[in-house]
Amino acid sequence: MLSQEVIRKDSTLFERMRAVLQSLGWQGPALAVILVLSAFLNLYGLAGEGYANAYYSAAVKNMLTSPYNFFFVSFDAGFVSVDKPPLGLWIQAAGAYALGFNGLILLLPQAIAGVLCVALIYHLVRRTFGPVAGLLAALVLTLTPIVVVTSRNNTHDMLLVLTLLLATWAFIVAAEKGSLGWLLLGAFLVGLGFNIKMMQAFMVLPALYLFYFFAARISVWRRIAHLGLATLVLFAVSLSWAVVVDLTPSEERPYVGSSFTDSVLELAVGYNGAVRLLGIEGISSIMGGPGDGKAGGPPSTQSGPPGGGMPGGGPGGAGENGEPRPLRLLNQQLAAQAGWLLPLAVVGLVAAGWQKRPRLPLDARQQSLVLWGTWLFTMVAFFSVAGFFHRYYLVMMAPAVAALLGAGVAALWSDYRRPGWRGWMLPLALTGAAVVQSYILYDYSGWSALLTPTILGLCLVAAVALVVSRLRPGLRAGVLPAVAAVVGILSLLIAPAVWASYNVFGGEKASPMAAALPVAGPQPDEGEFAGMPGGGPEGPPGTMEADPALVGYLRENRGDATYLLAAANALVASPIILGVEEPVISLGGFMGFDPVLSEDELTGLVDTGAARFFLVLDEERLFAAFSGMAAGTSPDDSTSDTSTAPSPPPFANESTDWVEENCEAVPRELWQSSDPEGSEGMQGIFGEVQALYDCGGGR
């Protein structure tokens, strides 16, 4: 009896699966091909990416050493936390715990999330705009360059995008059913997103809330009440971990990295909130003047290294992405990441919105346009005015661009096949999009010579074929216009595909700094952003290697000290943490200005023998090194002109001062290799300006 029941259930399950596959029809195999392409781009050669962002990788390694470090997402041996919330790091740590700690395991969650996002965007677009629109949206998301490189990195943005797309699905179902339960699920998921990237998750709330308000099949007052309850759930989930951490006495937990008041809530609202919108300089002015690089104020934007942003979220300033302005997303630095199809998505939104005059209540298509249109314009507005963000944040814009392009092309094709002036929009849109892509390619002379004629030529041929077919009604319903439309759309995917696959198949191997801040494609040849971080032959991908001479000296001379080393900041500590199995302290958190340890705590660590060696940055040599970057000289060149050099980042704090005053410097020839690993750019600077102090016998 039992076996027959099991067989019956298995048969029923099989029938349901077959029914699902049959309902997909031809689009099932097409979707499978797109998903395989996405998986290939995300996974091919992934092990060769090393640890990617060493800051997060080192944190995961330390999180595996104790439940304390795991819960508080401690970057080092329990003294300072990462400057992000825990969920993304917990997911990576869980994988590393189950399968072993290595770079590939840390990157896999994001790669898988990227593929799942493609499947989700297909489902969300198909259910309203049809299978062709869904497939096109899935293909666009698959080939969006910033999506691919972010899926191949251990920054947590793809996990966030996946969470927010799941929340979008829950909001859509909630609106269709008027279901409070589904709405609360959506709010819960956005709250989980907050625990992945903090305020970045809230950027979709205007789209989700506006959609539910216009789309829910219940009375207006019930919609408002439902959204109010959802907001309570949202904040309860979002702030759950932050409140627990902030209520824990500071002496019983790590210092909250990159915060100014040792508070996760302040970190969320400040460094990971307002600073992103206003920029560090704007926050400094609000707080009463430029920051001094220590607790109580952020570092000045003028203190950042050439090229701006640092791994893990350091000062980037407007210089990394250009000055805020309306067309910022089409500049050299940003357009090639996610802007190839942005104008066509906007045209698609207009075309789809014009097909039927909006009237309340909105129909399903208009409701979806409200959702994706609000999502897109919220992102465009933020990235146009924001003072501080890294280019991989643009992945937040990708789902809306993909959805609107799929829906928009379907609308343009529908209009093309009908009488009226709107039928001419399809060939005009294809031609205009090709011109925009030619403008973006202009700054990449080698690629432009190859791609611009191809894209323009194919789009013009497609546009001419569409025009001729429309002028001859007998051809309009034939095969020619359909083939022309397909050729035109696919030609517009050539440049994004090249940029998306550039790093996958080699290209320029990313430097350690660039590997931490994923960027797609080559650098522009010249112009305002030429030479900015984002590639270049500066060593293998992953992270700066720990100097073997330093590690050997520490191991031979540490004695009974608990900690192998106390390093100035995370940039110095990360390669050492990843290269050894002994505990390491980060004195200043990520950038070096966190007041992790007081003088009394430092004294206690040294007097008890827990800490002996301190690796700090010599501020005079650091300034000389940055002067050398400007003048083309080395830190030891006394003739270098420092008058026009950029100021170094605030890589030191009071702990560094205490070490320099109370401990004895170890001669450089005893602990540093004669040819330190990495001799160019930021990697070389760190090798040249480090100073090792022995506090065991030098006080």
# chains A, B, ... in the order shown; residues from 1 in each chain; ligands from 1

$ residues_around --residues "segment 196-200 of chain A" --least-positions-apart "3" --cutoff "7 Å" --atoms "only C-alpha atoms" --output "VMD selection string"
chain A and resid 84 to 88 156 160 192 to 193 203 268 272 to 273

$ residues_around --residues "Ser586 of chain A" --least-positions-apart "4" --cutoff "6 Å" --atoms "only C-alpha atoms" --output "PDB file with C-alpha atoms, in the first residue's frame"
ATOM      1  CA  ALA A 566      48.662  44.304  15.040  1.00  0.00           C
ATOM      2  CA  ALA A 567      48.348  46.046  11.650  1.00  0.00           C
ATOM      3  CA  ALA A 568      47.489  49.661  10.912  1.00  0.00           C
ATOM      4  CA  ASN A 569      44.326  48.961   8.950  1.00  0.00           C
ATOM      5  CA  ALA A 570      42.438  46.361   6.959  1.00  0.00           C
TER       6      ALA A 570
END

$ closest_residue --among "A:Val596, A:Leu692, A:Val551, A:Ala381" --to "Ile576 of chain A" --atoms "only C-alpha atoms"
A:Val551

$ residues_around --residues "Gly186 of chain A" --least-positions-apart "5" --cutoff "7 Å" --atoms "only C-alpha atoms" --output "VMD selection string"
chain A and resid 167 to 168 170 to 171

$ closest_residue --among "A:Gly387, A:Gly696, A:Pro522, A:Pro575" --to "Tyr502 of chain A" --atoms "only C-alpha atoms"
A:Pro522

$ closest_residue --among "A:Phe71, A:Phe129, A:Trp658, A:Trp182" --to "Ala407 of chain A" --atoms "only C-alpha atoms"
A:Phe129

$ atom_distance --atom1 "atom CA of Ser179 of chain A" --atom2 "atom CA of Phe213 of chain A"
12.6 Å

$ atom_distance --atom1 "atom CA of Leu412 of chain A" --atom2 "atom CA of Leu426 of chain A"
5.4 Å

$ residues_around --residues "segment 450-457 of chain A" --least-positions-apart "5" --cutoff "12 Å" --atoms "only C-alpha atoms" --output "JSON, numbers by chain"
{"A": [340, 430, 431, 432, 433, 434, 435, 436, 437, 438, 439, 440, 441, 442, 443, 444, 445, 462, 463, 464, 487, 488, 489, 490, 491, 492, 493, 494, 495, 496, 497, 498, 499]}

$ write_last_selection --atoms "N, CA and C atoms" --output "short mmCIF file (atom, residue, chain, number, x, y, z; two decimals), in the first residue's frame"
data_model
loop_
_atom_site.label_atom_id
_atom_site.label_comp_id
_atom_site.auth_asym_id
_atom_site.auth_seq_id
_atom_site.Cartn_x
_atom_site.Cartn_y
_atom_site.Cartn_z
N TRP A 340 24.48 50.90 -21.70
CA TRP A 340 24.37 50.62 -23.13
C TRP A 340 22.93 50.66 -23.63
N LEU A 430 15.73 51.97 -32.62
CA LEU A 430 16.91 51.15 -32.89
C LEU A 430 18.06 52.01 -33.38
N THR A 431 17.78 52.94 -34.28
CA THR A 431 18.84 53.81 -34.80
C THR A 431 19.40 54.70 -33.70
N GLY A 432 18.51 55.30 -32.89
CA GLY A 432 18.97 56.16 -31.81
C GLY A 432 19.81 55.41 -30.79
N ALA A 433 19.40 54.18 -30.45
CA ALA A 433 20.18 53.39 -29.49
C ALA A 433 21.56 53.06 -30.05
N ALA A 434 21.64 52.79 -31.35
CA ALA A 434 22.94 52.52 -31.97
C ALA A 434 23.85 53.74 -31.91
N VAL A 435 23.27 54.92 -32.11
CA VAL A 435 24.06 56.16 -32.03
C VAL A 435 24.59 56.36 -30.62
N VAL A 436 23.76 56.10 -29.62
CA VAL A 436 24.20 56.23 -28.22
C VAL A 436 25.35 55.28 -27.94
N GLN A 437 25.25 54.04 -28.42
CA GLN A 437 26.33 53.10 -28.19
C GLN A 437 27.60 53.52 -28.91
N SER A 438 27.46 54.12 -30.06
CA SER A 438 28.64 54.64 -30.76
C SER A 438 29.30 55.75 -29.97
N TYR A 439 28.49 56.57 -29.32
CA TYR A 439 29.02 57.64 -28.46
C TYR A 439 29.79 57.05 -27.29
N ILE A 440 29.26 55.99 -26.68
CA ILE A 440 29.95 55.35 -25.56
C ILE A 440 31.27 54.73 -26.03
N LEU A 441 31.26 54.12 -27.21
CA LEU A 441 32.44 53.44 -27.74
C LEU A 441 33.52 54.43 -28.21
N TYR A 442 33.17 55.67 -28.38
CA TYR A 442 34.11 56.66 -28.93
C TYR A 442 35.39 56.73 -28.11
N ASP A 443 35.29 56.54 -26.80
CA ASP A 443 36.45 56.66 -25.92
C ASP A 443 37.30 55.40 -25.87
N TYR A 444 36.92 54.38 -26.63
CA TYR A 444 37.67 53.13 -26.68
C TYR A 444 38.05 52.88 -28.14
N SER A 445 39.12 53.52 -28.58
CA SER A 445 39.39 53.60 -30.02
C SER A 445 39.53 52.23 -30.67
N ALA A 462 18.61 47.11 -40.42
CA ALA A 462 17.35 46.69 -39.81
C ALA A 462 16.31 47.80 -39.89
N ALA A 463 16.74 49.05 -39.62
CA ALA A 463 15.80 50.17 -39.66
C ALA A 463 15.27 50.38 -41.07
N VAL A 464 16.16 50.30 -42.05
CA VAL A 464 15.72 50.47 -43.44
C VAL A 464 14.72 49.38 -43.82
N VAL A 487 17.36 41.30 -35.75
CA VAL A 487 18.73 41.71 -36.07
C VAL A 487 19.08 43.01 -35.37
N GLY A 488 18.17 43.97 -35.39
CA GLY A 488 18.43 45.25 -34.74
C GLY A 488 18.64 45.11 -33.25
N ILE A 489 17.77 44.34 -32.58
CA ILE A 489 17.90 44.16 -31.13
C ILE A 489 19.19 43.42 -30.79
N LEU A 490 19.47 42.35 -31.51
CA LEU A 490 20.68 41.58 -31.22
C LEU A 490 21.95 42.40 -31.47
N SER A 491 21.92 43.26 -32.47
CA SER A 491 23.10 44.10 -32.72
C SER A 491 23.37 45.04 -31.56
N LEU A 492 22.32 45.47 -30.87
CA LEU A 492 22.49 46.35 -29.71
C LEU A 492 23.00 45.59 -28.49
N LEU A 493 23.00 44.27 -28.56
CA LEU A 493 23.53 43.47 -27.46
C LEU A 493 25.00 43.10 -27.68
N ILE A 494 25.57 43.48 -28.82
CA ILE A 494 26.96 43.11 -29.12
C ILE A 494 27.92 43.78 -28.14
N ALA A 495 27.83 45.08 -28.01
CA ALA A 495 28.76 45.80 -27.12
C ALA A 495 28.61 45.38 -25.67
N PRO A 496 27.38 45.30 -25.11
CA PRO A 496 27.27 44.78 -23.74
C PRO A 496 27.86 43.39 -23.59
N ALA A 497 27.66 42.53 -24.60
CA ALA A 497 28.21 41.17 -24.51
C ALA A 497 29.73 41.19 -24.49
N VAL A 498 30.33 42.06 -25.30
CA VAL A 498 31.79 42.16 -25.31
C VAL A 498 32.29 42.62 -23.95
N TRP A 499 31.67 43.65 -23.41
CA TRP A 499 32.10 44.18 -22.10
C TRP A 499 31.85 43.16 -20.99
#

$ residues_around --residues "Asp76 of chain A" --least-positions-apart "6" --cutoff "12 Å" --atoms "only C-alpha atoms" --output "ChimeraX atom specification"
/A:55-66,68-70,82,254-257,563-578,581-590,596

$ closest_atom_pairs --of "segment 376-487 of chain A" --to "segment 142-151 of chain A" --cutoff "9 Å" --atoms "only C-alpha atoms" --output "CSV"
residue,atom,partner,partner_atom,distance
A:Arg391,CA,A:Ile146,CA,8.0
A:Tyr392,CA,A:Ile146,CA,6.1
A:Tyr393,CA,A:Ile146,CA,8.6
A:Leu394,CA,A:Ile146,CA,7.0
A:Val395,CA,A:Val147,CA,5.7
A:Ala398,CA,A:Thr144,CA,7.1
A:Ala402,CA,A:Thr144,CA,8.7

$ write_last_selection --atoms "N, CA and C atoms" --output "PDB file, in the first residue's frame"
ATOM      1  N   ARG A 391      31.199  51.801  -8.833  1.00  0.00           N
ATOM      2  CA  ARG A 391      30.518  51.493 -10.087  1.00  0.00           C
ATOM      3  C   ARG A 391      29.688  50.221 -10.021  1.00  0.00           C
ATOM      4  N   TYR A 392      30.098  49.274  -9.185  1.00  0.00           N
ATOM      5  CA  TYR A 392      29.322  48.034  -9.135  1.00  0.00           C
ATOM      6  C   TYR A 392      27.977  48.226  -8.458  1.00  0.00           C
ATOM      7  N   TYR A 393      27.743  49.364  -7.803  1.00  0.00           N
ATOM      8  CA  TYR A 393      26.409  49.657  -7.269  1.00  0.00           C
ATOM      9  C   TYR A 393      25.376  49.790  -8.389  1.00  0.00           C
ATOM     10  N   LEU A 394      25.848  50.059  -9.614  1.00  0.00           N
ATOM     11  CA  LEU A 394      24.934  50.215 -10.740  1.00  0.00           C
ATOM     12  C   LEU A 394      24.158  48.938 -11.047  1.00  0.00           C
ATOM     13  N   VAL A 395      24.570  47.819 -10.447  1.00  0.00           N
ATOM     14  CA  VAL A 395      23.820  46.578 -10.636  1.00  0.00           C
ATOM     15  C   VAL A 395      22.388  46.732 -10.117  1.00  0.00           C
ATOM     16  N   ALA A 398      20.071  47.459 -13.025  1.00  0.00           N
ATOM     17  CA  ALA A 398      19.987  46.489 -14.123  1.00  0.00           C
ATOM     18  C   ALA A 398      18.631  45.801 -14.244  1.00  0.00           C
ATOM     19  N   ALA A 402      16.417  45.933 -17.725  1.00  0.00           N
ATOM     20  CA  ALA A 402      16.083  44.699 -18.443  1.00  0.00           C
ATOM     21  C   ALA A 402      14.579  44.544 -18.607  1.00  0.00           C
TER      22      ALA A 402
END

$ closest_residue --among "A:Gly114, A:Leu597, A:Asp415, A:Pro206" --to "Thr163 of chain A" --atoms "only C-alpha atoms"
A:Gly114

$ residues_around --residues "Ala351 of chain A" --least-positions-apart "3" --cutoff "9 Å" --atoms "only C-alpha atoms" --output "CSV table (one decimal) with C-alpha atoms, in the first residue's frame"
chain,number,residue,atom,x,y,z
A,346,VAL,CA,13.4,54.7,-21.3
A,347,VAL,CA,11.9,54.8,-24.8
A,348,GLY,CA,10.4,51.4,-24.2
A,354,TRP,CA,1.3,55.2,-24.5
A,355,GLN,CA,-0.4,52.1,-25.7
A,408,GLY,CA,9.2,48.3,-24.3
A,409,VAL,CA,10.5,46.3,-27.4
A,411,ALA,CA,5.2,47.4,-27.2
A,412,LEU,CA,7.3,49.0,-30.1
A,415,ASP,CA,2.8,49.5,-32.5
A,422,ARG,CA,3.7,55.3,-33.4
A,425,MET,CA,9.1,54.5,-33.3

$ decode --residues "segment 169-204 of chain A" --atoms "N, CA and C atoms" --output "short mmCIF file (atom, residue, chain, number, x, y, z; two decimals), in the first residue's frame"
data_model
loop_
_atom_site.label_atom_id
_atom_site.label_comp_id
_atom_site.auth_asym_id
_atom_site.auth_seq_id
_atom_site.Cartn_x
_atom_site.Cartn_y
_atom_site.Cartn_z
N TRP A 169 8.56 39.92 -6.36
CA TRP A 169 7.61 38.84 -6.65
C TRP A 169 6.55 38.76 -5.56
N ALA A 170 6.96 38.85 -4.29
CA ALA A 170 6.00 38.79 -3.19
C ALA A 170 5.04 39.98 -3.23
N PHE A 171 5.53 41.17 -3.54
CA PHE A 171 4.66 42.35 -3.63
C PHE A 171 3.66 42.19 -4.77
N ILE A 172 4.10 41.63 -5.89
CA ILE A 172 3.20 41.45 -7.03
C ILE A 172 2.07 40.48 -6.67
N VAL A 173 2.43 39.35 -6.07
CA VAL A 173 1.40 38.39 -5.67
C VAL A 173 0.48 39.00 -4.63
N ALA A 174 1.05 39.77 -3.70
CA ALA A 174 0.23 40.42 -2.67
C ALA A 174 -0.78 41.36 -3.30
N ALA A 175 -0.36 42.11 -4.32
CA ALA A 175 -1.28 43.05 -4.98
C ALA A 175 -2.37 42.30 -5.74
N GLU A 176 -2.00 41.21 -6.40
CA GLU A 176 -2.99 40.44 -7.15
C GLU A 176 -4.06 39.83 -6.24
N LYS A 177 -3.63 39.39 -5.08
CA LYS A 177 -4.56 38.71 -4.17
C LYS A 177 -5.09 39.60 -3.06
N GLY A 178 -4.56 40.82 -2.97
CA GLY A 178 -4.93 41.67 -1.84
C GLY A 178 -4.53 41.03 -0.52
N SER A 179 -3.41 40.33 -0.52
CA SER A 179 -3.00 39.50 0.61
C SER A 179 -2.01 40.22 1.51
N LEU A 180 -2.36 40.40 2.75
CA LEU A 180 -1.45 40.99 3.72
C LEU A 180 -0.26 40.07 3.98
N GLY A 181 -0.50 38.76 4.00
CA GLY A 181 0.59 37.82 4.26
C GLY A 181 1.70 37.91 3.24
N TRP A 182 1.33 37.94 1.95
CA TRP A 182 2.34 38.08 0.91
C TRP A 182 3.06 39.42 1.01
N LEU A 183 2.32 40.46 1.36
CA LEU A 183 2.94 41.78 1.49
C LEU A 183 3.96 41.78 2.63
N LEU A 184 3.61 41.15 3.74
CA LEU A 184 4.54 41.09 4.87
C LEU A 184 5.77 40.26 4.50
N LEU A 185 5.57 39.22 3.68
CA LEU A 185 6.72 38.46 3.20
C LEU A 185 7.65 39.35 2.38
N GLY A 186 7.06 40.17 1.50
CA GLY A 186 7.88 41.09 0.72
C GLY A 186 8.65 42.05 1.60
N ALA A 187 7.99 42.60 2.63
CA ALA A 187 8.66 43.52 3.56
C ALA A 187 9.77 42.79 4.31
N PHE A 188 9.50 41.55 4.69
CA PHE A 188 10.51 40.73 5.38
C PHE A 188 11.75 40.56 4.51
N LEU A 189 11.53 40.31 3.22
CA LEU A 189 12.65 40.10 2.30
C LEU A 189 13.46 41.38 2.11
N VAL A 190 12.79 42.53 2.03
CA VAL A 190 13.53 43.79 1.93
C VAL A 190 14.33 44.00 3.21
N GLY A 191 13.76 43.62 4.36
CA GLY A 191 14.51 43.71 5.61
C GLY A 191 15.75 42.84 5.59
N LEU A 192 15.64 41.65 4.99
CA LEU A 192 16.84 40.82 4.82
C LEU A 192 17.86 41.53 3.92
N GLY A 193 17.34 42.20 2.88
CA GLY A 193 18.23 42.96 2.01
C GLY A 193 18.98 44.04 2.77
N PHE A 194 18.29 44.68 3.72
CA PHE A 194 18.96 45.68 4.55
C PHE A 194 20.12 45.05 5.32
N ASN A 195 19.96 43.81 5.73
CA ASN A 195 21.01 43.12 6.46
C ASN A 195 22.08 42.54 5.55
N ILE A 196 21.96 42.85 4.25
CA ILE A 196 23.03 42.53 3.30
C ILE A 196 23.82 43.79 2.94
N LYS A 197 23.13 44.89 2.58
CA LYS A 197 23.81 46.12 2.17
C LYS A 197 23.19 47.38 2.76
N MET A 198 22.50 47.27 3.86
CA MET A 198 21.92 48.40 4.58
C MET A 198 21.02 49.24 3.69
N MET A 199 21.22 50.57 3.67
CA MET A 199 20.27 51.49 3.04
C MET A 199 20.12 51.25 1.55
N GLN A 200 21.07 50.57 0.94
CA GLN A 200 20.97 50.28 -0.49
C GLN A 200 19.71 49.47 -0.80
N ALA A 201 19.30 48.63 0.14
CA ALA A 201 18.09 47.82 -0.06
C ALA A 201 16.84 48.68 -0.12
N PHE A 202 16.83 49.80 0.59
CA PHE A 202 15.64 50.65 0.66
C PHE A 202 15.42 51.45 -0.62
N MET A 203 16.37 51.41 -1.54
CA MET A 203 16.22 52.18 -2.77
C MET A 203 15.04 51.71 -3.62
N VAL A 204 14.61 50.46 -3.44
CA VAL A 204 13.49 49.94 -4.23
C VAL A 204 12.14 50.21 -3.56
#
